[in-house]
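Colleague: One structure, pasted below without further comment.
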Amino acid sequence: MTLNALRALEPDFWRAPSARNTQPWTLRYRRRFVEVGWDPSRALPATDPAGRDLRLSLGAFVETCLIVSTDAGMNVRFVQDHDESAYRIGYLVAAEGPYATPFTTQDVRDRRTGRVPYQPGRLDA
């Protein structure tokens with residue numbers, strides 16, 4: 001795993017789904033790993049006081065990073081190291097083998113959000 005090769009995959013990493021569409025994740029490149037965290041300005045404490053949606057979004061992001069990295073032929077794993085004060089959930093590090101997933105980068109790219117047409121006015125009781 002080279003950090004530059006991992007950085008080149010970021011456009012597909014950012015396609016991860018996020019609760020409330022906030023894309024709260026951050027990547028901080030260090031010498032031998034990538035720190036995965038979040039931007040507190042993208043958290044929604046008023047509507048997500050327990051941070052559940054934030055954690056779901058971060059988990060979906062990590063999963064997407066692992067899928068895309070594996071499809072690119074890179075052996076990467078996630079090491080959890082949650083630190084609320086550092087806005088960090090863990091690290092992407094080199095692994096001995098590929099991440100086991102049936103998904104590919106194309107599956108990530110093909111993800112869509114179902115939206116129905118907006119209907120103005122009040123809802124029926």
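Chain lettering (A, B, ...) mirrors the order of the structure tokens, residue numbering begins at 1 for each chain separately, and ligand numbering begins at 1 in order of display.
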Could you pull the residues within 6 Å of segment 22-24 of chain A, counting only C-alpha atoms, minus those fewer than 3 positions along the same chain, as a short mmCIF file (atom, residue, chain, number, x, y, z; two decimals) with C-alpha atoms, in the first residue's frame?
Modeller:
```cif
data_model
loop_
_atom_site.label_atom_id
_atom_site.label_comp_id
_atom_site.auth_asym_id
_atom_site.auth_seq_id
_atom_site.Cartn_x
_atom_site.Cartn_y
_atom_site.Cartn_z
CA SER A 18 -23.73 9.42 4.41
CA TRP A 38 -14.51 13.55 10.89
CA ASP A 39 -15.00 17.27 10.59
CA ARG A 42 -20.29 18.51 9.49
#
```
Colleague: Just the strand (DSSP E or B) stuff from chain A, please, per backbone DSSP, written as a list of chain:residue names.
Modeller: A:Trp25, A:Thr26, A:Leu27, A:Arg28, A:Tyr29, A:Val34, A:Glu35, A:Val36, A:Gly37, A:Trp38, A:Val76, A:Arg77, A:Phe78, A:Val79, A:Gln80, A:Asp81, A:His82, A:Asp83, A:Arg88, A:Ile89, A:Gly90, A:Tyr91, A:Leu92, A:Val93, A:Ala94
Colleague: Can those selected residues be exported to a file as a CSV table (one decimal), in the first residue's frame so that it contains N, CA and C atoms?
Modeller:
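Output (again_14.csv):
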```csv
chain,number,residue,atom,x,y,z
A,25,TRP,N,-16.6,12.8,6.9
A,25,TRP,CA,-15.3,12.2,7.0
A,25,TRP,C,-14.1,13.0,6.6
A,26,THR,N,-13.0,12.7,7.2
A,26,THR,CA,-11.7,13.3,6.8
A,26,THR,C,-10.6,12.2,6.7
A,27,LEU,N,-9.6,12.4,5.9
A,27,LEU,CA,-8.5,11.6,5.8
A,27,LEU,C,-7.3,12.4,6.1
A,28,ARG,N,-6.4,12.0,7.0
A,28,ARG,CA,-5.2,12.7,7.3
A,28,ARG,C,-4.0,11.7,7.0
A,29,TYR,N,-3.2,12.0,6.0
A,29,TYR,CA,-2.1,11.2,5.6
A,29,TYR,C,-0.9,11.3,6.6
A,34,VAL,N,-3.2,6.1,7.1
A,34,VAL,CA,-4.1,7.2,6.9
A,34,VAL,C,-5.1,7.2,8.1
A,35,GLU,N,-5.1,8.3,8.7
A,35,GLU,CA,-6.0,8.5,9.8
A,35,GLU,C,-7.4,8.9,9.3
A,36,VAL,N,-8.4,8.2,9.8
A,36,VAL,CA,-9.8,8.4,9.4
A,36,VAL,C,-10.5,9.1,10.5
A,37,GLY,N,-11.1,10.3,10.2
A,37,GLY,CA,-11.8,11.0,11.2
A,37,GLY,C,-13.0,11.7,10.7
A,38,TRP,N,-13.4,12.8,11.4
A,38,TRP,CA,-14.5,13.6,10.9
A,38,TRP,C,-14.3,15.0,11.2
A,76,VAL,N,-5.5,-3.4,2.1
A,76,VAL,CA,-5.7,-2.4,3.2
A,76,VAL,C,-6.7,-2.9,4.2
A,77,ARG,N,-6.5,-2.6,5.4
A,77,ARG,CA,-7.4,-2.9,6.5
A,77,ARG,C,-7.6,-1.7,7.4
A,78,PHE,N,-8.7,-1.8,8.2
A,78,PHE,CA,-9.0,-0.7,9.1
A,78,PHE,C,-8.7,-1.1,10.5
A,79,VAL,N,-8.0,-0.2,11.2
A,79,VAL,CA,-7.8,-0.5,12.6
A,79,VAL,C,-8.5,0.6,13.4
A,80,GLN,N,-9.5,0.1,14.2
A,80,GLN,CA,-10.3,1.0,15.0
A,80,GLN,C,-9.5,1.6,16.2
A,81,ASP,N,-9.6,3.0,16.3
A,81,ASP,CA,-8.9,3.7,17.4
A,81,ASP,C,-9.7,5.0,17.6
A,82,HIS,N,-10.9,4.8,18.2
A,82,HIS,CA,-11.8,6.0,18.4
A,82,HIS,C,-11.3,6.9,19.4
A,83,ASP,N,-11.2,8.2,19.1
A,83,ASP,CA,-10.8,9.2,20.0
A,83,ASP,C,-11.6,10.4,19.7
A,88,ARG,N,-11.3,11.3,15.6
A,88,ARG,CA,-10.7,10.1,14.9
A,88,ARG,C,-11.4,8.9,15.3
A,89,ILE,N,-11.6,8.0,14.2
A,89,ILE,CA,-12.2,6.7,14.5
A,89,ILE,C,-11.2,5.6,14.2
A,90,GLY,N,-10.1,5.8,13.5
A,90,GLY,CA,-9.1,4.8,13.3
A,90,GLY,C,-8.2,5.1,12.2
A,91,TYR,N,-7.6,4.0,11.6
A,91,TYR,CA,-6.6,4.1,10.6
A,91,TYR,C,-6.8,3.1,9.5
A,92,LEU,N,-6.4,3.5,8.3
A,92,LEU,CA,-6.3,2.6,7.1
A,92,LEU,C,-4.8,2.3,7.1
A,93,VAL,N,-4.5,1.0,7.1
A,93,VAL,CA,-3.1,0.5,7.2
A,93,VAL,C,-2.9,-0.6,6.2
A,94,ALA,N,-1.7,-0.9,5.9
A,94,ALA,CA,-1.3,-2.0,5.0
A,94,ALA,C,-1.8,-3.3,5.6
```
Colleague: Give me, as a list of chain:residue names, all polymer residues having an atom no more than 9 Å from Pro17 of chain A, counting only C-alpha atoms and skipping those fewer than 5 positions away in the same chain.
Modeller: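 Listed by chain and then number, they are A:Gln23, A:Ser57, A:Ala60, A:Phe61, A:Thr64, A:Arg111, A:Thr113.
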Colleague: Distance atom CA of Thr2 of chain A-atom CA of Ala16 of chain A, one decimal place?
Modeller: 21.5 Å
Colleague: Kindly indicate which residue among A:Leu3, A:Val108, A:Leu66, A:Ala43 lies nearest to Arg15 of chain A, using only C-alpha atoms for the distances.
Modeller: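 Among A:Leu3, A:Val108, A:Leu66, A:Ala43, it is A:Val108 that comes nearest to Arg15 of chain A.
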Colleague: When you count only C-alpha atoms, which of these residues is closest to Leu54 of chain A: A:Ser69, A:Ser85, A:Asn75, A:Asn21?
Modeller: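 Among the listed residues, A:Asn21 lies closest to Leu54 of chain A.
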Colleague: How many Å lie between atom CA of Ala72 of chain A and atom CA of Ala8 of chain A, rounded to one decimal?
Modeller: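 Interatomic distance, atom CA of Ala72 of chain A to atom CA of Ala8 of chain A: 10.4 Å.
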Colleague: Between A:Asp12, A:Met74, A:Gly59, A:Ala86, which is the closest to Pro40 of chain A once you count only C-alpha atoms?
Modeller: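 Closest residue, counting only C-alpha atoms: A:Ala86.
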Colleague: For the alpha helix (DSSP H) assignment from backbone DSSP, which residues of segment 7-97 of chain A qualify? Please present them as a list in words.
Modeller: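 DSSP-assigned alpha helix (DSSP H) residues in segment 7-97 of chain A: Arg7, Ala8, Glu10, Pro11, Asp12, Phe13, Arg52, Asp53, Leu54, Arg55, Leu56, Ser57, Leu58, Gly59, Ala60, Phe61, Val62, Glu63, Thr64, Cys65, Leu66, Ile67, Val68, Ser69, Thr70 and Asp71 of chain A.
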Colleague: What gap, in Å, lies between atom CA of Phe103 of chain A and atom CA of Arg7 of chain A?
Modeller: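 Straight-line distance from atom CA of Phe103 of chain A to atom CA of Arg7 of chain A works out to 20.0 Å.
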